[in-house]
Amino acid sequence: MSNQKVQVLPELDVVYENTRLPFPLAEYQVRLTKIRREMAAREIDLLYLSSPESMYYVSGLNLTWYRTGASSAWDGSKAAGIAVHVDYDYFILFETADEYGLVSGSTCTADVRIMDERPFESEDKGSDPYDFITDNLKAEGWLTGKVALEMRCSRPPRHVSDIMRARFEQKGCSVTDGTDLLVKIRRKKSPMELNYIRKASAIADIGHKAIADQLRAGMTELEAAGIYTHAMMKAGGESPAIVDMVKSGKGKLWCGHAPAGRKLIMPGEPVQVDLAGVYNRYHAYMGRCYHIGKPDQDFADTCHKANVLVMEEVKRILKPNMPVREFYKKLMKVCEELGLRESTKRMGGYELGIAFPPDWCGEFVHGPDMIYKEERFEAGMVIAFKTGMGVADTILFTEHEAEILTNTTHELKIIE
Amino acid sequence: MSKLIEPMKDLTLISEDMELPFPLYEYKNRLNKIRKKMEEKGIDTLYLTLPENVYYVSGLKLIWYRANSSPVWNDTKITGAAIHVNSDKFMIFDCVDEEGAVYGSTCCTDPRIKNDIPQNVMMGEERECPAAGEDFMDLVVKDLYNEGWLKGVVALEMGSYRPPRTVSEIFQAKLEAKGAKIVDGTDIVLDIRTIKSPLEINCIEKAAHIADIGHRAIRENLHEGMTELELVAEYTSAMMRAGGESMSLVDMCRFGTGKYWWVHSPAGRKKLIRNNPVAVDLCGVYNRYHADQVRAYSLGEPPKEIAESYAMAGKIMRQVAKIIKPNLSIDDFYDEITRFIKDEGAWDEQYWLGGYELGISFPPDWVGNFVYDPYIDSNGARFEPGMVVNFETGFGIVDTLVFTEKEARILGTTPWELQIVDPDSPLVE
């Protein structure tokens, strides 16, 4: 007979249909183990995660609103997050009552602690959401030494993070920055994550096909954004973390991050469309240039020939486990020969993966003018690569190959 | 004879169709309001990094602010606008990527565009770049110092999500090293933005029309078997066709009773089946001004409890329409609404019965600074002329309220009755 005292938990007082998790529970267990191992290596006892991407990676939590930029009246609830302890094979998710159904219905945690959201509720108990979190962790026996916060993330804002730090210190903990910990682990994707990024890329292809089919002079840039958004969502895609990347006209084409507006797309204009397919929050980036009518020769050479040539070279050169420095050395040599040195100043890219608004650019950044030590394009990495002349693609590395994930032509698409 | 006027360097960039959301007079007045507030608070220089506040002052809007990007770009996460209490010009600091947007879509006459890599010439143009041991942040600090803008109290937006904490701390240290005394100035522009000008209210009214178009598209396209994401596609593209911009919060569309009250669940690939309620929270957006509108639908007969609670929401909205007026105190508003809901026997059945300021927003949030509900101490606050808020009934309807000197209005024209779509004859196959 078992001598364990098994405690039956209260029934969930919540209705949430069709629990959906992006990954099997075993994948989440592997992720937690990787995190705990890295924590042990860094001598971190407790890691408190607050960035949406980190929380999603660990638990599957996917919200439309994280209170990131909301009123200071809700500062306390901006501290909602996930606590991982190095010695325990479960984590604790702190959230507000608003999200109880979602947390119960679409995350892999069974240990949810619902915070008092309104100041008057917690003040009645002589505490606030920060105390709620630290008191719970103390009672759990988890405040045993060094605590790491994600201090380099945009959530929570600085003054909320300052309060969190002070409360942990009051409980006798030393506090350090642990932003890098998950960032490092997330860089190498699992086969299941790679599968989602391939799906996301197929969705991005659908977005560009819709643009190629429907782009016309006389429509606004926002209408064009509406066209690819509609097509991608109909195909099962989710909203990208960065939106409205349509720029028309020579004047706007090189205005880095100007948003789509009510400007009419005119005959004779180039149109740059940058979009991401998104599947289970995994992003695949794809940028292409279109032209309303026949372009002049200079532009055709830049956007047509140069992009095709560069992407062919990338395909030829790039191999799994290749040092980043070696890749760019080879590629720059070809670009010099092609007379493309100036354009390479915009060439480069960044890591892709899980992203929530307002950003899809990951931690690892690469480009021809960056200084590298021994960084390599390792198996499991996924990057965006931009030619600097209007084409951008997602490249995925497996043990055997570097896959450029696109079925959309690199040639300038001329809209008649 | 006046002293010789040095001509400025010709602009070499091409920026077509400069588009500023407001006349220059409006921007001048905004700057004056900020400078007055700075004077009252004893602040010499205010450095803005929150995208909404930089846009308010200058018109600058970008699709990417490096908010959560790689630490390689940490130094450019402090790009923003600097305002001095004694200067009627402000500076925008940004990197070369955004030169076209800064020149072509802002009212700033003193942009400071710099290269963020140690290379003077980029894209054929020479600009200042970081020297050895410097980064972009040092160039900003140097400019502010050389202008004499670091003498005294400098306010940073420490309550803003941008820049992240560690970057804000580094920036603070660099400013302090040049003699500035640093304080938190998060509330300065946020407080001013609470009261909108007539031109801003005009944008929000347009945004509300766009939100109505989104809801019409929902009604016209709802059909059995579609996914939540497909429905998002329909209203998003309809609003964009009508000139609407992307919302700061997206995918707020939910099918089924299980998800109905979990209001921050994102749309997914769940399919719509008969007798399922559909809840959609969307904003029309015009020049980044948001107008919020939540409505519910049902494919066929709705579940009884949803129909009843939504009917209550409609009654509350009608009551709100009766009682709101300019300068109504928040406490009086809630006295009336609370009494009404209690008389209806529905008190304690509601979800959140509150609201928040609406106005300019960029992803990832459209929720403004001013918040009200029956439990937050109002401190005697009133719905002042110029305020725009959403109001959430707690029973499923949300709309945008506007207060002017003469009147208070609810902007949405989408009906407050639960809209039932016949699954056997939807408007679209």
# chains A, B, ... in the order shown; residues from 1 in each chain; ligands from 1
>>> interface_residues(of="chain B", to="chain A", cutoff="7 Å", atoms="only C-alpha atoms", output="NGL selection string")
:B and (14-16 or 61-64 or 66-71 or 97-101 or 123 or 158-166 or 229-230 or 233-234 or 236-237 or 240-241 or 243 or 245-246 or 249-252 or 258-259 or 262 or 264-266 or 269 or 363-365 or 367-371)
>>> residues_around(residues="A:Met192", least_positions_apart="5", cutoff="9 Å", atoms="only C-alpha atoms", output="ChimeraX atom specification")
/A:23,27,197
>>> write_last_selection(atoms="C-alpha atoms", output="PDB file, in the first residue's frame")
ATOM      1  CA  PHE A  23       4.047  20.773 -28.816  1.00  0.00           C
ATOM      2  CA  GLU A  27       9.054  18.564 -25.768  1.00  0.00           C
ATOM      3  CA  ILE A 197       9.133  27.372 -39.503  1.00  0.00           C
TER       4      ILE A 197
END
>>> select_by_dssp(residues="stretch 114-258 of chain B", states="strand (DSSP E)", output="PyMOL selection string")
chain B and resi 114+121-122+125-126+153-156+181-184+253-255
>>> select_by_dssp(residues="stretch 156-329 of chain B", states="alpha helix (DSSP H)", output="ChimeraX atom specification")
/B:165-177,186-194,198-221,228-241,257-260,304-323
>>> closest_residue(among="A:Trp142, A:Tyr130, A:Phe299, A:Tyr328", to="A:Asp87", atoms="only C-alpha atoms")
A:Trp142
>>> residues_around(residues="stretch 83-92 of chain B", least_positions_apart="6", cutoff="10 Å", atoms="only C-alpha atoms", output="PyMOL selection string")
chain B and resi 28+31-32+34-39+42-48+54+57-58+60+102-103+106-113+140+143-144+147-150+154-155
>>> write_last_selection(atoms="N, CA and C atoms", output="compact mmCIF listing (two decimals), in the first residue's frame")
# COMPACT_ATOMS: atom_id res chain seq x y z
N LYS B 28 3.47 72.60 -33.02
CA LYS B 28 4.06 73.67 -32.22
C LYS B 28 3.36 73.75 -30.86
N LEU B 31 4.40 70.93 -28.57
CA LEU B 31 5.72 71.18 -27.99
C LEU B 31 5.60 72.20 -26.85
N ASN B 32 4.79 73.22 -27.08
CA ASN B 32 4.63 74.24 -26.03
C ASN B 32 3.99 73.65 -24.77
N ILE B 34 4.25 70.64 -23.73
CA ILE B 34 5.27 69.82 -23.06
C ILE B 34 6.27 70.71 -22.33
N ARG B 35 6.70 71.78 -23.01
CA ARG B 35 7.69 72.66 -22.38
C ARG B 35 7.13 73.32 -21.12
N LYS B 36 5.83 73.65 -21.18
CA LYS B 36 5.19 74.26 -20.01
C LYS B 36 5.20 73.27 -18.83
N LYS B 37 4.86 72.04 -19.14
CA LYS B 37 4.83 71.00 -18.11
C LYS B 37 6.23 70.76 -17.55
N MET B 38 7.23 70.79 -18.45
CA MET B 38 8.61 70.61 -18.01
C MET B 38 9.01 71.74 -17.05
N GLU B 39 8.60 72.93 -17.41
CA GLU B 39 8.91 74.09 -16.57
C GLU B 39 8.30 73.91 -15.18
N GLY B 42 10.25 71.42 -13.22
CA GLY B 42 11.68 71.69 -13.04
C GLY B 42 12.58 70.79 -13.87
N ILE B 43 12.10 70.45 -15.06
CA ILE B 43 12.90 69.58 -15.93
C ILE B 43 13.47 70.41 -17.08
N ASP B 44 14.76 70.27 -17.30
CA ASP B 44 15.41 71.04 -18.36
C ASP B 44 15.32 70.33 -19.71
N THR B 45 15.62 69.06 -19.70
CA THR B 45 15.59 68.31 -20.96
C THR B 45 14.77 67.04 -20.77
N LEU B 46 13.92 66.77 -21.74
CA LEU B 46 13.12 65.54 -21.70
C LEU B 46 13.54 64.69 -22.89
N TYR B 47 13.91 63.45 -22.63
CA TYR B 47 14.32 62.57 -23.72
C TYR B 47 13.26 61.48 -23.89
N LEU B 48 12.57 61.51 -25.03
CA LEU B 48 11.45 60.59 -25.28
C LEU B 48 11.90 59.37 -26.07
N VAL B 54 7.07 59.90 -29.13
CA VAL B 54 7.90 60.45 -30.21
C VAL B 54 6.99 60.82 -31.39
N VAL B 57 4.99 64.07 -30.73
CA VAL B 57 5.77 65.30 -30.86
C VAL B 57 6.17 65.58 -32.30
N SER B 58 6.46 64.51 -33.05
CA SER B 58 7.12 64.71 -34.34
C SER B 58 6.39 64.17 -35.56
N LEU B 60 6.80 60.97 -36.28
CA LEU B 60 7.61 59.82 -36.71
C LEU B 60 6.89 58.51 -36.41
N VAL B 102 12.45 59.97 -41.18
CA VAL B 102 12.56 61.14 -40.30
C VAL B 102 12.40 62.43 -41.11
N TYR B 103 13.11 62.52 -42.23
CA TYR B 103 13.00 63.73 -43.04
C TYR B 103 11.63 63.82 -43.73
N THR B 106 8.21 63.75 -40.66
CA THR B 106 8.14 64.37 -39.33
C THR B 106 8.20 65.90 -39.47
N CYS B 107 7.87 66.57 -38.38
CA CYS B 107 7.92 68.03 -38.38
C CYS B 107 9.23 68.52 -37.79
N CYS B 108 10.17 67.61 -37.57
CA CYS B 108 11.43 67.99 -36.93
C CYS B 108 12.33 68.71 -37.92
N THR B 109 12.81 69.87 -37.52
CA THR B 109 13.72 70.62 -38.40
C THR B 109 15.17 70.45 -37.94
N ASP B 110 15.38 69.65 -36.92
CA ASP B 110 16.74 69.42 -36.45
C ASP B 110 17.01 67.93 -36.25
N PRO B 111 16.87 67.16 -37.33
CA PRO B 111 17.13 65.73 -37.16
C PRO B 111 18.62 65.45 -37.04
N ARG B 112 18.97 64.54 -36.20
CA ARG B 112 20.38 64.16 -36.03
C ARG B 112 20.50 62.69 -36.45
N ILE B 113 20.80 62.51 -37.71
CA ILE B 113 20.92 61.15 -38.23
C ILE B 113 22.39 60.76 -38.20
N VAL B 140 24.74 60.56 -29.25
CA VAL B 140 23.56 61.30 -28.78
C VAL B 140 23.94 62.16 -27.57
N ASP B 143 26.03 65.17 -28.58
CA ASP B 143 25.23 66.24 -29.18
C ASP B 143 24.46 67.03 -28.12
N LEU B 144 23.85 66.30 -27.21
CA LEU B 144 23.07 66.97 -26.16
C LEU B 144 23.99 67.83 -25.30
N GLU B 147 25.07 70.97 -27.14
CA GLU B 147 23.98 71.95 -27.22
C GLU B 147 23.74 72.63 -25.88
N GLY B 148 24.39 72.11 -24.84
CA GLY B 148 24.17 72.64 -23.50
C GLY B 148 22.90 72.09 -22.86
N TRP B 149 22.39 70.97 -23.39
CA TRP B 149 21.11 70.43 -22.92
C TRP B 149 21.28 69.45 -21.74
N LEU B 150 22.51 69.26 -21.29
CA LEU B 150 22.70 68.35 -20.15
C LEU B 150 22.99 69.10 -18.86
N VAL B 154 17.54 66.12 -16.37
CA VAL B 154 17.16 65.44 -17.61
C VAL B 154 16.20 64.30 -17.25
N ALA B 155 15.06 64.26 -17.93
CA ALA B 155 14.07 63.22 -17.63
C ALA B 155 14.08 62.15 -18.71
>>> residues_around(residues="stretch 270-276 of chain A", least_positions_apart="2", cutoff="7 Å", atoms="only C-alpha atoms", output="PyMOL selection string")
chain A and resi 204+240+245-250+253+268+278+283-292+390
>>> closest_residue(among="A:Ala83, A:Glu269, A:Ile163, A:Lys189", to="A:Arg216", atoms="only C-alpha atoms")
A:Glu269
>>> closest_residue(among="B:Pro302, B:Gly359, B:Gly214, B:Pro130", to="B:Glu52", atoms="only C-alpha atoms")
B:Gly359
>>> atom_distance(atom1="atom CA of B:Thr49", atom2="atom CA of B:Val167")
11.5 Å
>>> closest_residue(among="A:Asp205, A:Asp393, A:Asp111, A:Glu326", to="A:Ile371", atoms="only C-alpha atoms")
A:Glu326
>>> residues_around(residues="A:Cys173", least_positions_apart="6", cutoff="8 Å", atoms="only C-alpha atoms", output="list in words")
Leu143, Thr144, Gly145, Lys146 and Val147 of chain A
>>> write_last_selection(atoms="C-alpha atoms", output="PDB file, in the first residue's frame")
ATOM      1  CA  LEU A 143      14.143  31.609  -2.859  1.00  0.00           C
ATOM      2  CA  THR A 144      17.332  29.814  -2.043  1.00  0.00           C
ATOM      3  CA  GLY A 145      20.018  32.117  -3.406  1.00  0.00           C
ATOM      4  CA  LYS A 146      20.619  33.660  -6.777  1.00  0.00           C
ATOM      5  CA  VAL A 147      17.629  34.903  -8.797  1.00  0.00           C
TER       6      VAL A 147
END
